[in-house]
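A quick write-up on the structure given underneath.
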Amino acid sequence: MNKKIYITTPIFYTNGNPHLGHIHTCCLGDFFSKAFKNFNYEVFFLTGTDEHGQKIANAAKTLNIPPQELVNKTSQVFKTLFEDYNINYDYFIRTTDENHKKNILEVWEILLKNNYLYKGVYKGLYAEKDECFYSPEETYVDKDNQRRATISNSEVVEVEEECYFFRLSAFKEKLLNFYETHEFTIPNNLKEELIKYTENLKDLCVSRNISWGIKIPNTNQTIYVWIDALFNYITAIGAIENYNKDLWANSLHIIGKDIIIFHGVYWPALLMAVGLQPPKHLFIHGWWLFNDSKMSKSLGNIIDPSKIKHKEYLRYFCLRQELLGHDGNFDKKHFIEIINNELIGKMLNLFYRFFSLINKNYGFNNIIEIDDFNKREDLILIKKQCLQHLEKFSSKHYINELINISNIANEYIDKNKIWQDFNLKHINYLVPLLDLLSTLLKGVLEETYNKIKNLYTLKTNNNKYEFSLLKLEPLFTKIENEEDI
Ligand code: MSP
């Protein structure tokens, strides 16, 4: 039976258009999905939009349109962008879907029935931008006397409202034990953050006195947007009574570091409260920064992924930089250097370089017989190493492996000066290597992969392989300057 994996991105807030941080998360998810499929895993890849809550209600108010209209529009913007970036999700969930809303009300009923909810009054701090309750210790006062959340710099205000609380503190020991016994966070050291937070665990306010959300029966309140949002991961695979257990047992949530407490503390506890297992892994990436501050709509320092000319270049850059457990400055010069020198210079030009020699010596559409390469040890090892990087969830190391292959092939060409004596020995060595390189590129850059595969055919015929060049075209043009990005 094939191994299974359930890959999710966070669901994106629909108060505004997507930015680089959003596309970064999605490129990672799509890469893992395609690359694992390439290694015969059964994959389910989920993304979607987070459509309820105070910040969306207020964004709609500012625009003077109903929230439903805003979220319909914005979720479509996300879908269009994902198409442009070849993000091939298996399901796109929206939290305003009727099925999701029904499921969340079931979750609420179970929490009530299991006695994990009680009524009280929340008096404390709230940041609309993060849709998050903060303790005073998690905030600071800036030079303009504005209180802000330390992690996000978002404004926080005092609120006092009657609400339902979730008995989060009852899960302290269970959570600590879970962190101790599971390789939950990737990178592993980030579990310290979860442990620190959990040692001081308080109950969580889980309802709001706002109207844009899932209405709690017999009250005038709505369910706190994060409860609504987190359970999307279960709704999408069959909902609470009927969820796909095999997929859930192999779940990987890709998230940014700003939402680690929601996913690493609240979410496992909520799952335990309704009788389900915590997710298997959290893959936690850092932030894209611009001149050292976080890219965000409110700071106006956003790289708009829809305006990027070469979408595959940005995709490559995100996967190459990965940001696993650290932040990264989005530096345009560095971007151009990576694309021109590494992706094009080392990897893609290799195909053009080698295929030009084939063309010169054999022309198009002529069959060249190649020895069986199924047992070639160097190729077996490359595949094994790529799978290992994948199973450790490292797009960066996976791509490094592709660069290694390109270096090996380029060095072989140079060292043997194969253009001087272009013979079958060289072809036998290089064709299988380049064919493997292009196959492994599939998860990274699908369009490029398709372009390369359209240049040639490689078919089996009784333990022999038949290679034939169909056409020759340079795969890419280098980026001229920053305006060309
Ligand atoms: N709606 C919640 C997630 C709910 S999941 C049950 C949310 N949405 S978000 O739109 O604000 O963020 C979505 C993802 O984008 C998060 O993982 C966040 O970390 C990521 N990014 C937002 N800004 C970012 C950068 N500047 N850089 C990299 N990723 C960042 O949170």
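Chains: A, B, ... in order of the structure tokens. Residues: from 1 per chain. Ligands: from 1, in order shown.
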Find the residues near Leu379 in chain A: any atom within 9 Å, counting only C-alpha atoms, skip ones fewer than 5 places away on the same chain, and give them as a PyMOL selection string. chain A and resi 373-374+384+432-433+436
Would you write out those residues with N, CA, C and O atoms, as a CSV table (one decimal), in the first residue's frame?
```csv
chain,number,residue,atom,x,y,z
A,373,PHE,N,19.6,1.7,-17.9
A,373,PHE,CA,20.2,2.4,-16.8
A,373,PHE,C,19.5,2.2,-15.4
A,373,PHE,O,19.7,2.9,-14.5
A,374,ASN,N,18.5,1.2,-15.4
A,374,ASN,CA,17.7,1.0,-14.2
A,374,ASN,C,18.5,0.7,-13.0
A,374,ASN,O,18.1,1.0,-11.9
A,384,LYS,N,17.4,8.3,-3.8
A,384,LYS,CA,17.2,8.0,-2.4
A,384,LYS,C,17.5,9.2,-1.6
A,384,LYS,O,16.7,9.5,-0.7
A,432,PRO,N,20.4,9.6,-19.1
A,432,PRO,CA,19.7,9.2,-17.9
A,432,PRO,C,19.8,10.2,-16.7
A,432,PRO,O,18.8,10.4,-16.0
A,433,LEU,N,21.0,10.8,-16.6
A,433,LEU,CA,21.2,11.8,-15.6
A,433,LEU,C,20.3,13.0,-15.8
A,433,LEU,O,19.6,13.5,-14.8
A,436,LEU,N,16.6,12.2,-15.2
A,436,LEU,CA,16.3,12.1,-13.8
A,436,LEU,C,16.1,13.5,-13.2
A,436,LEU,O,15.2,13.8,-12.5
```
Please build the interface table for chain A against ligand 1 with a cut-off of 6 Å, listing for each qualifying residue the nearest atom pair and the distance in Å to one decimal; count only C-alpha atoms and all ligand atoms, order rows by chain and increasing number, and write it as CSV.
```
residue,atom,partner,partner_atom_place_in_ligand_line,distance
A:Pro10,CA,ligand 1,5 (S),3.8
A:Ile11,CA,ligand 1,5 (S),4.6
A:Phe12,CA,ligand 1,10 (O),3.7
A:Tyr13,CA,ligand 1,10 (O),4.2
A:Gly21,CA,ligand 1,29 (N),3.4
A:His22,CA,ligand 1,15 (O),4.3
A:Asp50,CA,ligand 1,1 (N),5.1
A:Ala229,CA,ligand 1,6 (C),4.4
A:Leu230,CA,ligand 1,6 (C),3.9
A:Ile255,CA,ligand 1,17 (O),4.0
A:Gly256,CA,ligand 1,19 (O),3.0
A:Lys257,CA,ligand 1,19 (O),5.6
A:Asp258,CA,ligand 1,19 (O),5.3
A:Gly286,CA,ligand 1,28 (C),5.9
A:Trp287,CA,ligand 1,27 (N),3.3
A:Trp288,CA,ligand 1,27 (N),3.8
A:Leu289,CA,ligand 1,26 (N),5.9
A:Lys294,CA,ligand 1,26 (N),5.1
A:Met295,CA,ligand 1,26 (N),4.2
A:Ser296,CA,ligand 1,26 (N),6.0
```
N, CA and C atoms of the current selection, written as a tab-separated table (two decimals), in the first residue's frame:
```
chain	number	residue	atom	x	y	z
A	10	PRO	N	-2.09	27.16	5.83
A	10	PRO	CA	-3.11	27.86	6.62
A	10	PRO	C	-4.20	28.34	5.66
A	11	ILE	N	-5.38	28.56	6.16
A	11	ILE	CA	-6.38	29.19	5.29
A	11	ILE	C	-6.21	30.71	5.43
A	12	PHE	N	-6.29	31.40	4.31
A	12	PHE	CA	-5.84	32.79	4.26
A	12	PHE	C	-6.98	33.77	4.55
A	13	TYR	N	-6.65	34.79	5.33
A	13	TYR	CA	-7.65	35.82	5.62
A	13	TYR	C	-8.06	36.51	4.34
A	21	GLY	N	4.23	36.37	1.45
A	21	GLY	CA	4.19	35.40	2.55
A	21	GLY	C	3.16	34.30	2.28
A	22	HIS	N	2.03	34.69	1.72
A	22	HIS	CA	0.98	33.70	1.42
A	22	HIS	C	1.44	32.74	0.33
A	50	ASP	N	-10.03	31.87	4.96
A	50	ASP	CA	-10.57	32.08	6.31
A	50	ASP	C	-11.45	33.33	6.21
A	229	ALA	N	-11.73	28.36	12.13
A	229	ALA	CA	-10.69	28.18	11.12
A	229	ALA	C	-9.92	26.88	11.30
A	230	LEU	N	-9.51	26.59	12.53
A	230	LEU	CA	-8.65	25.41	12.73
A	230	LEU	C	-9.35	24.12	12.30
A	255	ILE	N	2.91	26.17	8.32
A	255	ILE	CA	2.44	27.44	8.90
A	255	ILE	C	3.62	28.41	9.05
A	256	GLY	N	3.29	29.68	9.20
A	256	GLY	CA	4.31	30.68	9.53
A	256	GLY	C	4.45	30.76	11.04
A	257	LYS	N	5.59	31.32	11.48
A	257	LYS	CA	5.89	31.29	12.92
A	257	LYS	C	4.89	32.09	13.77
A	258	ASP	N	4.18	33.04	13.13
A	258	ASP	CA	3.23	33.87	13.88
A	258	ASP	C	2.02	33.07	14.36
A	286	GLY	N	9.74	30.90	8.78
A	286	GLY	CA	9.83	32.29	9.27
A	286	GLY	C	9.14	33.24	8.30
A	287	TRP	N	9.47	34.50	8.42
A	287	TRP	CA	8.81	35.54	7.62
A	287	TRP	C	9.73	36.04	6.53
A	288	TRP	N	9.11	36.46	5.44
A	288	TRP	CA	9.81	37.27	4.46
A	288	TRP	C	9.84	38.68	5.00
A	289	LEU	N	11.03	39.24	5.07
A	289	LEU	CA	11.17	40.61	5.54
A	289	LEU	C	11.58	41.48	4.36
A	294	LYS	N	8.71	43.06	8.78
A	294	LYS	CA	7.82	42.06	8.19
A	294	LYS	C	7.01	42.66	7.05
A	295	MET	N	6.89	41.86	5.99
A	295	MET	CA	6.07	42.31	4.89
A	295	MET	C	4.61	42.22	5.33
A	296	SER	N	3.90	43.30	5.28
A	296	SER	CA	2.48	43.18	5.63
A	296	SER	C	1.70	44.30	4.98
```
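If you look at CA of Ile261 in chain A and CA of Lys73 in chain A, they are 29.5 Å away from each other.
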Per residue of range 325-397 of chain A within 12 Å of range 442-446 of chain A, note the shortest atom pair and the distance in Å to one decimal, counting only C-alpha atoms, and order the rows by chain and increasing residue number, as CSV.
```
residue,atom,partner,partner_atom,distance
A:Leu343,CA,A:Leu445,CA,10.7
A:Leu348,CA,A:Leu445,CA,11.3
A:Cys386,CA,A:Gly443,CA,11.5
A:Leu390,CA,A:Gly443,CA,10.8
A:Ser395,CA,A:Val444,CA,8.5
A:Lys396,CA,A:Val444,CA,10.6
```
For the residues selected in the previous step, produce a file with N, CA and C atoms as a compact mmCIF listing (two decimals), in the first residue's frame.
```txt
# COMPACT_ATOMS: atom_id res chain seq x y z
N LEU A 343 19.69 28.78 -11.11
CA LEU A 343 18.61 28.06 -11.81
C LEU A 343 18.89 28.00 -13.32
N LEU A 348 19.27 24.91 -15.91
CA LEU A 348 18.48 24.84 -17.14
C LEU A 348 19.34 24.93 -18.40
N CYS A 386 17.10 12.36 -2.53
CA CYS A 386 15.98 13.30 -2.69
C CYS A 386 14.80 12.89 -1.83
N LEU A 390 13.01 14.94 1.24
CA LEU A 390 11.56 15.15 1.22
C LEU A 390 10.93 14.67 2.51
N SER A 395 12.69 21.47 1.37
CA SER A 395 12.74 21.84 -0.05
C SER A 395 14.14 22.34 -0.40
N LYS A 396 14.79 22.98 0.59
CA LYS A 396 16.12 23.55 0.34
C LYS A 396 17.13 22.44 0.02
```
With distances taken over only C-alpha atoms, the candidate from A:Asn359, A:Thr185, A:Thr25, A:Gln146 nearest His263 in chain A is A:Thr185
Which residues come within 12 Å of range 468-470 of chain A, counting only C-alpha atoms, excluding same-chain residues fewer than 3 positions away, as a ChimeraX atom specification? /A:351-352,354-370,427,431,451-460,465,473
Using backbone DSSP assignments, extract all helix (DSSP H, G or I) residues from range 170-409 of chain A; output them as a PyMOL selection string. chain A and resi 170-181+188-199+225-230+232-235+239-242+245-248+257-273+305-307+311-321+332-362+377-391+395-409
Counting only C-alpha atoms, what is within 12 Å of Met1 in chain A, bar same-chain residues fewer than 6 positions away, as JSON, numbers by chain? {"A": [40, 41, 42, 246]}
Residue nearest Ile339 in chain A among A:Glu138, A:Glu480, A:Asp84, A:Glu447 (counting only C-alpha atoms):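 Nearest candidate to Ile339 in chain A out of A:Glu138, A:Glu480, A:Asp84, A:Glu447: A:Glu480.
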For range 219-258 of chain A versus range 270-282 of chain A, which residues have an atom no more than 8 Å away, and what is each residue's nearest atom pair and distance in Å rounded to one decimal, using only C-alpha atoms, chain-then-number order, as a tab-separated table?
```
residue	atom	partner	partner_atom	distance
A:Trp248	CA	A:Pro279	CA	6.8
A:Ala249	CA	A:Lys280	CA	6.3
A:Asn250	CA	A:Lys280	CA	5.8
A:Ser251	CA	A:Lys280	CA	5.2
A:Leu252	CA	A:His281	CA	4.8
A:His253	CA	A:Leu282	CA	4.9
A:Ile254	CA	A:Leu282	CA	6.0
A:Ile255	CA	A:Leu282	CA	7.0
```
Spatial neighbours of Thr96 in chain A, 12 Å, only C-alpha atoms, chain gap at least 5 places, as a short mmCIF file (atom, residue, chain, number, x, y, z; two decimals) with all heavy atoms, in the first residue's frame:
```cif
data_model
loop_
_atom_site.label_atom_id
_atom_site.label_comp_id
_atom_site.auth_asym_id
_atom_site.auth_seq_id
_atom_site.Cartn_x
_atom_site.Cartn_y
_atom_site.Cartn_z
N THR A 14 -9.34 36.84 4.27
CA THR A 14 -9.87 37.41 3.01
C THR A 14 -10.19 38.90 3.16
O THR A 14 -11.07 39.41 2.49
CB THR A 14 -11.15 36.64 2.61
OG1 THR A 14 -11.87 36.34 3.81
CG2 THR A 14 -10.84 35.39 1.86
N GLY A 48 -7.14 27.06 1.27
CA GLY A 48 -8.46 27.68 1.29
C GLY A 48 -8.44 29.05 1.93
O GLY A 48 -7.38 29.65 2.12
N THR A 49 -9.62 29.55 2.26
CA THR A 49 -9.71 30.91 2.80
C THR A 49 -10.50 30.97 4.10
O THR A 49 -11.48 30.26 4.29
CB THR A 49 -10.32 31.87 1.75
OG1 THR A 49 -11.38 31.21 1.07
CG2 THR A 49 -9.29 32.34 0.76
N ASP A 50 -10.03 31.87 4.96
CA ASP A 50 -10.57 32.08 6.31
C ASP A 50 -11.45 33.33 6.21
O ASP A 50 -10.93 34.43 5.98
CB ASP A 50 -9.35 32.33 7.23
CG ASP A 50 -9.69 32.25 8.69
OD1 ASP A 50 -10.89 32.17 9.02
OD2 ASP A 50 -8.75 32.27 9.51
N GLU A 51 -12.76 33.16 6.36
CA GLU A 51 -13.65 34.21 5.88
C GLU A 51 -14.50 34.88 6.95
O GLU A 51 -15.34 35.72 6.63
CB GLU A 51 -14.53 33.63 4.76
CG GLU A 51 -13.68 33.00 3.65
CD GLU A 51 -14.46 32.64 2.40
OE1 GLU A 51 -15.70 32.81 2.39
OE2 GLU A 51 -13.82 32.18 1.43
N HIS A 52 -14.36 34.45 8.20
CA HIS A 52 -15.17 35.08 9.25
C HIS A 52 -14.33 35.99 10.13
O HIS A 52 -13.11 36.07 9.98
CB HIS A 52 -15.83 33.99 10.12
CG HIS A 52 -16.92 33.25 9.42
ND1 HIS A 52 -17.00 31.88 9.38
CD2 HIS A 52 -17.99 33.70 8.71
CE1 HIS A 52 -18.06 31.51 8.69
NE2 HIS A 52 -18.68 32.60 8.27
N GLY A 53 -15.00 36.63 11.09
CA GLY A 53 -14.28 37.38 12.13
C GLY A 53 -14.34 38.89 11.98
O GLY A 53 -14.79 39.43 10.97
N PRO A 67 -19.95 41.69 4.09
CA PRO A 67 -18.79 40.81 4.23
C PRO A 67 -18.80 39.65 3.24
O PRO A 67 -17.76 39.28 2.69
CB PRO A 67 -18.88 40.29 5.66
CG PRO A 67 -19.92 41.08 6.34
CD PRO A 67 -20.66 41.91 5.35
N GLN A 68 -19.99 39.12 2.97
CA GLN A 68 -20.05 37.98 2.04
C GLN A 68 -19.52 38.36 0.66
O GLN A 68 -18.83 37.58 0.01
CB GLN A 68 -21.49 37.45 1.96
CG GLN A 68 -21.62 36.12 1.21
CD GLN A 68 -20.91 34.95 1.91
OE1 GLN A 68 -21.17 34.67 3.07
NE2 GLN A 68 -19.98 34.30 1.20
N GLU A 69 -19.84 39.58 0.26
CA GLU A 69 -19.38 40.04 -1.05
C GLU A 69 -17.84 40.15 -1.05
O GLU A 69 -17.18 39.72 -2.00
CB GLU A 69 -20.00 41.41 -1.34
CG GLU A 69 -19.83 41.84 -2.78
CD GLU A 69 -20.46 43.22 -3.02
OE1 GLU A 69 -21.57 43.49 -2.47
OE2 GLU A 69 -19.84 44.02 -3.74
N LEU A 70 -17.31 40.69 0.05
CA LEU A 70 -15.84 40.83 0.14
C LEU A 70 -15.15 39.47 0.09
O LEU A 70 -14.20 39.26 -0.66
CB LEU A 70 -15.47 41.57 1.43
CG LEU A 70 -13.97 41.65 1.72
CD1 LEU A 70 -13.23 42.46 0.67
CD2 LEU A 70 -13.70 42.25 3.11
N VAL A 71 -15.67 38.52 0.87
CA VAL A 71 -14.97 37.22 0.92
C VAL A 71 -15.14 36.44 -0.38
O VAL A 71 -14.22 35.72 -0.80
CB VAL A 71 -15.39 36.37 2.16
CG1 VAL A 71 -15.06 37.12 3.44
CG2 VAL A 71 -16.84 35.95 2.13
N ASN A 72 -16.28 36.62 -1.05
CA ASN A 72 -16.44 35.96 -2.35
C ASN A 72 -15.39 36.47 -3.33
O ASN A 72 -14.75 35.70 -4.05
CB ASN A 72 -17.82 36.25 -2.96
CG ASN A 72 -18.92 35.50 -2.23
OD1 ASN A 72 -18.65 34.63 -1.41
ND2 ASN A 72 -20.17 35.86 -2.50
N SER A 75 -11.65 35.50 -2.07
CA SER A 75 -11.26 34.09 -2.19
C SER A 75 -11.04 33.73 -3.66
O SER A 75 -10.17 32.92 -3.99
CB SER A 75 -12.26 33.16 -1.49
OG SER A 75 -13.29 32.84 -2.32
N LYS A 101 -19.73 25.12 8.03
CA LYS A 101 -20.46 25.76 9.13
C LYS A 101 -21.22 24.70 9.95
O LYS A 101 -21.23 24.73 11.18
CB LYS A 101 -21.44 26.82 8.59
CG LYS A 101 -20.71 28.02 8.00
CD LYS A 101 -21.60 29.23 7.88
CE LYS A 101 -22.30 29.27 6.55
NZ LYS A 101 -23.06 30.47 6.29
N LYS A 102 -21.82 23.78 9.23
CA LYS A 102 -22.57 22.69 9.90
C LYS A 102 -21.61 21.88 10.78
O LYS A 102 -21.92 21.56 11.93
CB LYS A 102 -23.19 21.81 8.81
CG LYS A 102 -24.11 20.73 9.31
CD LYS A 102 -24.75 20.00 8.13
CE LYS A 102 -24.69 18.51 8.27
NZ LYS A 102 -23.53 17.79 7.91
N ASN A 103 -20.46 21.62 10.23
CA ASN A 103 -19.47 20.83 10.97
C ASN A 103 -18.98 21.55 12.22
O ASN A 103 -18.80 20.94 13.28
CB ASN A 103 -18.29 20.52 10.03
CG ASN A 103 -17.30 19.58 10.67
OD1 ASN A 103 -17.69 18.64 11.34
ND2 ASN A 103 -16.04 19.86 10.49
N ILE A 104 -18.81 22.86 12.12
CA ILE A 104 -18.31 23.62 13.29
C ILE A 104 -19.38 23.62 14.40
O ILE A 104 -19.05 23.53 15.59
CB ILE A 104 -17.94 25.07 12.88
CG1 ILE A 104 -16.78 25.03 11.88
CG2 ILE A 104 -17.58 25.93 14.09
CD1 ILE A 104 -15.53 24.33 12.36
N TRP A 212 -20.35 38.73 12.36
CA TRP A 212 -19.85 38.02 11.17
C TRP A 212 -19.07 36.76 11.58
O TRP A 212 -17.87 36.79 11.84
CB TRP A 212 -18.99 38.96 10.31
CG TRP A 212 -18.50 38.31 9.05
CD1 TRP A 212 -17.20 38.12 8.68
CD2 TRP A 212 -19.29 37.73 8.01
NE1 TRP A 212 -17.14 37.47 7.49
CE2 TRP A 212 -18.41 37.21 7.05
CE3 TRP A 212 -20.68 37.59 7.81
CZ2 TRP A 212 -18.85 36.57 5.90
CZ3 TRP A 212 -21.12 36.94 6.66
CH2 TRP A 212 -20.22 36.45 5.72
N GLY A 213 -19.83 35.69 11.68
CA GLY A 213 -19.21 34.43 12.08
C GLY A 213 -20.31 33.36 12.17
O GLY A 213 -21.43 33.59 11.72
N ILE A 214 -19.95 32.22 12.72
CA ILE A 214 -20.94 31.14 12.83
C ILE A 214 -21.73 31.35 14.13
O ILE A 214 -21.14 31.36 15.22
CB ILE A 214 -20.24 29.76 12.79
CG1 ILE A 214 -19.49 29.61 11.46
CG2 ILE A 214 -21.26 28.64 12.99
CD1 ILE A 214 -18.63 28.36 11.36
N LYS A 215 -23.03 31.54 13.97
CA LYS A 215 -23.87 31.88 15.12
C LYS A 215 -23.97 30.72 16.11
O LYS A 215 -24.21 29.58 15.71
CB LYS A 215 -25.29 32.22 14.66
CG LYS A 215 -25.39 33.41 13.75
CD LYS A 215 -25.97 34.63 14.47
CE LYS A 215 -25.97 35.87 13.61
NZ LYS A 215 -24.76 36.24 12.92
N VAL A 225 -13.20 33.09 15.67
CA VAL A 225 -12.80 32.74 14.30
C VAL A 225 -11.70 31.66 14.25
O VAL A 225 -11.67 30.84 13.33
CB VAL A 225 -12.38 34.01 13.52
CG1 VAL A 225 -11.20 34.71 14.16
CG2 VAL A 225 -12.09 33.69 12.07
N ASP A 228 -13.32 28.16 14.45
CA ASP A 228 -13.93 27.98 13.13
C ASP A 228 -12.84 27.60 12.10
O ASP A 228 -12.97 26.64 11.33
CB ASP A 228 -14.61 29.33 12.83
CG ASP A 228 -15.18 29.51 11.46
OD1 ASP A 228 -14.95 28.66 10.62
OD2 ASP A 228 -15.85 30.54 11.25
N ALA A 229 -11.73 28.36 12.13
CA ALA A 229 -10.69 28.18 11.12
C ALA A 229 -9.92 26.88 11.30
O ALA A 229 -9.69 26.14 10.35
CB ALA A 229 -9.73 29.37 11.16
N ASN A 232 -11.09 23.58 9.93
CA ASN A 232 -11.18 23.37 8.48
C ASN A 232 -10.40 22.13 8.07
O ASN A 232 -10.76 21.44 7.13
CB ASN A 232 -10.66 24.61 7.73
CG ASN A 232 -9.17 24.52 7.42
OD1 ASN A 232 -8.77 23.93 6.42
ND2 ASN A 232 -8.34 25.08 8.28
#
```
From A:Ile403, A:Ile216, A:Leu387, A:Cys26, residue lying nearest Glu106 in chain A [only C-alpha atoms]: A:Ile216
Please identify the strand (DSSP E or B) residues within range 256-417 of chain A (assignment by DSSP from backbone atoms) and present them as a VMD selection string. chain A and resid 256 281 to 285 288 to 290 293 to 294 324 328 to 329 368 to 370
